[in-house]
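Note sheet for the following structure.
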Amino acid sequence: SDDFLACMTLRRVADNIILPNSSGYSAAIADSWVSNVGAMPVAFYEPTTLTGVKGALKCAQQIGVGMCPRNGGHSKMGAGLCNGVVLDMFRINGTKVNTAGTIVTVYGGTVQGQLVYELATFFNTTIPKFIPTGECPQVGISGFMLGGGLTEFDGQYGIGCDNVRSYKIVLQNGTTRTVTKTAYPELYWGLCGGGGGQFGITMQMTFSLFDRRPYDNNAYFRYDWPIEVAPDIIQMYSSWDLSGGTISMKLKSDFQVIPPVIRVFGVCWFVNSSQECDDRLMSIPLFGINGSIHRFTQKGANVLEVLQFLGKTGNYGQKVVPKRISIYDSFANQLFGAASNSNSARWASVVLKYPTIPDRTFFLAIVNLCANRNVVVCNWRRLGTSVPKFGTYSSFPWRDSTNIFYIAVKNTPAVLSSLFSTFYSIQTQYTTGAYVNYASAFTPRI
Ligand SMILES: Cc1cc2nc3c(=O)[nH]c(=O)nc-3n(C[C@H](O)[C@H](O)[C@H](O)COP(=O)(O)OP(=O)(O)OC[C@H]3O[C@@H](n4cnc5c(N)ncnc54)[C@H](O)[C@@H]3O)c2cc1C
């Protein structure tokens, strides 16, 4: 740590360094979605300039330690922390729209909430524009895009990184490169999906801006059924055709509420009323399953309200009273706060492809697993058949899959291990990829 400080001082970039003996050190570790991965960084460095980033890179190399960039700190496996130097990018944040209003530059330390907020502010309501993002305001744009980025718009625009025009990155040897589909195409391909903490440090990205107005015609919904019909709902959801992205919906089994429910929630795009959304949902077989115990559909004021409904403020599908004016504030308020701590739960995900839809017994086994009282969450997300068509330029590893299924478990390593093993063994025949957010992975690798 002292050697790093000495090296940085020599290079005159020693501002904003947090060392293990500094008072802010524990807080800097804790400012991650998953922070108890056992990493004890040599230092946190919060650069404000390109010179600072390059200086830190050289100094880390000089003292023989690694470096990990951190943006929103929302990696579910704590990948924004390491034993070397954590390059905390948050001071290099913000967005800049070109004069034609067609392209936005996003700096490497910007989080989604800030991007949404700044675009909304910049364009006001007269020329609403946006780029496809996820819904959690605190997730970093760099981490999100470099990991692929699943959005509510993937049926229309592909995954998030399909929309990156260029990355400006600092390579390991300290040179700066602007990467596009035509300049360094292989690096572009690798960054789009496989880029988090790899290949270099992303200083900024540019994106084409899309007209937001068609998406302002929306309605969001939440339906709950009793857990008894959960196998049927999951089976139907797994065979649901995304219809080109006019509906986006997720699935969650919730055994924590009374009575326990299986929940479908999401948004209808391009509708003028909640009735139109309901009508569209009723044409999907899973909504024909009897016994809905909670039903809620609401016309959205605009696409930002959808993000609020699906995101943190909306608590993933709870009814929110739309705060039409303060929505921007709600995003802004969440900027740069300590990331919500989820250390008590461990997440495991599998990415699935069903060549033919399995029978009900298969889905019943999954429901029984989710009913275990140690399982906090069972969530499903459709990747959808319309996404692969955008796939030429991306290393997103699960492009050809159709579902992502993840569980969070809260217990001792032994219980985790046993539950995750069951989780994998049930689905292994359909699995195309997996990850566990535990640094010392004790679960079987697939
Ligand atoms: C509550 C929550 C909601 C989520 N919702 C979604 C969702 O809707 N859709 C979705 O696709 N994903 C979602 N995710 C997953 C999230 O997108 C990924 O975990 C993403 O990688 C987090 O990015 P980050 O910048 O916040 O995290 P970080 O931990 O800061 O970074 C993640 C990875 O990217 C690297 N990295 C960060 N910044 C840079 C940089 N400037 N240059 C190079 N590498 C960098 C880090 O080293 C690390 O390896 C969600 C996660 C959480 C916790």
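By convention in this document, the chains of the structure tokens carry letters A, B, ... by their order, each chain's residues are numbered from 1, and ligands are numbered from 1 in the order they are shown.
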
(request) Skip range 388-400 of chain A itself and residues of its chain fewer than 6 positions away, then list as a PyMOL selection string all residues within 6 Å of it, counting only C-alpha atoms. (result) chain A and resi 148+158+189-190+192-194

(request) List all protein, DNA and RNA residues that have an atom no more than 7 Å from any atom of ligand 1, counting only C-alpha atoms and all ligand atoms, and report them as a PyMOL selection string. (result) chain A and resi 32-33+68-76+78-80+89+108-109+134-136+138-144+146-151+195-198+200-203

(request) Considering only C-alpha atoms, return as a list of chain:residue names whatever protein or nucleic-acid residues lie within 8 Å of Glu152 in chain A, sequence-local ones (same chain, fewer than 5 positions apart) excluded. (result)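 Once the adjacent positions are removed, what remains is A:Pro132, A:Thr133, A:Gly134, A:Ser248.
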
Write the selection just made, keeping all heavy atoms, as a compact mmCIF listing (two decimals), in the first residue's frame?
# COMPACT_ATOMS: atom_id res chain seq x y z
N PRO A 132 -31.43 1.89 -24.34
CA PRO A 132 -31.93 0.77 -23.55
C PRO A 132 -30.99 0.44 -22.39
O PRO A 132 -29.80 0.22 -22.60
CB PRO A 132 -31.96 -0.39 -24.55
CG PRO A 132 -31.87 0.24 -25.90
CD PRO A 132 -31.10 1.50 -25.72
N THR A 133 -31.51 0.47 -21.18
CA THR A 133 -30.74 0.10 -19.99
C THR A 133 -31.58 -0.87 -19.15
O THR A 133 -32.74 -1.10 -19.45
CB THR A 133 -30.45 1.32 -19.10
OG1 THR A 133 -31.70 1.80 -18.58
CG2 THR A 133 -29.76 2.43 -19.85
N GLY A 134 -30.99 -1.38 -18.09
CA GLY A 134 -31.76 -2.14 -17.11
C GLY A 134 -32.50 -1.16 -16.22
O GLY A 134 -32.51 0.05 -16.48
N SER A 248 -42.71 -7.31 -22.26
CA SER A 248 -41.54 -7.76 -21.54
C SER A 248 -42.04 -8.25 -20.19
O SER A 248 -42.74 -7.51 -19.50
CB SER A 248 -40.58 -6.58 -21.38
OG SER A 248 -39.56 -6.91 -20.50

(message) Need the shell around Gly433 in chain A: protein/DNA/RNA residues with any atom at most 6 Å away, counting only C-alpha atoms. Skip same-chain ones fewer than 2 positions apart. Format as a PyMOL selection string?
(response) chain A and resi 350-351+431

Write a file of the selected residues as a CSV table (one decimal), in the first residue's frame, keeping all heavy atoms.
chain,number,residue,atom,x,y,z
A,350,VAL,N,-28.5,-20.1,-13.8
A,350,VAL,CA,-28.2,-20.9,-15.0
A,350,VAL,C,-28.9,-20.3,-16.2
A,350,VAL,O,-29.9,-19.7,-16.1
A,350,VAL,CB,-28.7,-22.4,-14.8
A,350,VAL,CG1,-27.8,-23.2,-13.9
A,350,VAL,CG2,-30.1,-22.5,-14.4
A,351,VAL,N,-28.3,-20.6,-17.3
A,351,VAL,CA,-28.9,-20.1,-18.6
A,351,VAL,C,-29.3,-21.3,-19.3
A,351,VAL,O,-28.5,-22.3,-19.4
A,351,VAL,CB,-27.8,-19.3,-19.3
A,351,VAL,CG1,-28.5,-18.6,-20.5
A,351,VAL,CG2,-27.2,-18.2,-18.4
A,431,THR,N,-28.8,-26.8,-19.6
A,431,THR,CA,-28.0,-25.7,-19.2
A,431,THR,C,-27.0,-25.4,-20.3
A,431,THR,O,-26.3,-26.2,-20.8
A,431,THR,CB,-27.3,-26.0,-17.9
A,431,THR,OG1,-28.3,-26.3,-16.9
A,431,THR,CG2,-26.4,-24.9,-17.4

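In this structure, CA of Cys59 in chain A sits 6.0 Å away from CA of Phe4 in chain A.
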
(request) Considering only C-alpha atoms, return as a PyMOL selection string whatever protein or nucleic-acid residues lie within 9 Å of Thr48 in chain A, sequence-local ones (same chain, fewer than 5 positions apart) excluded. (result) chain A and resi 15-16+53+89-92
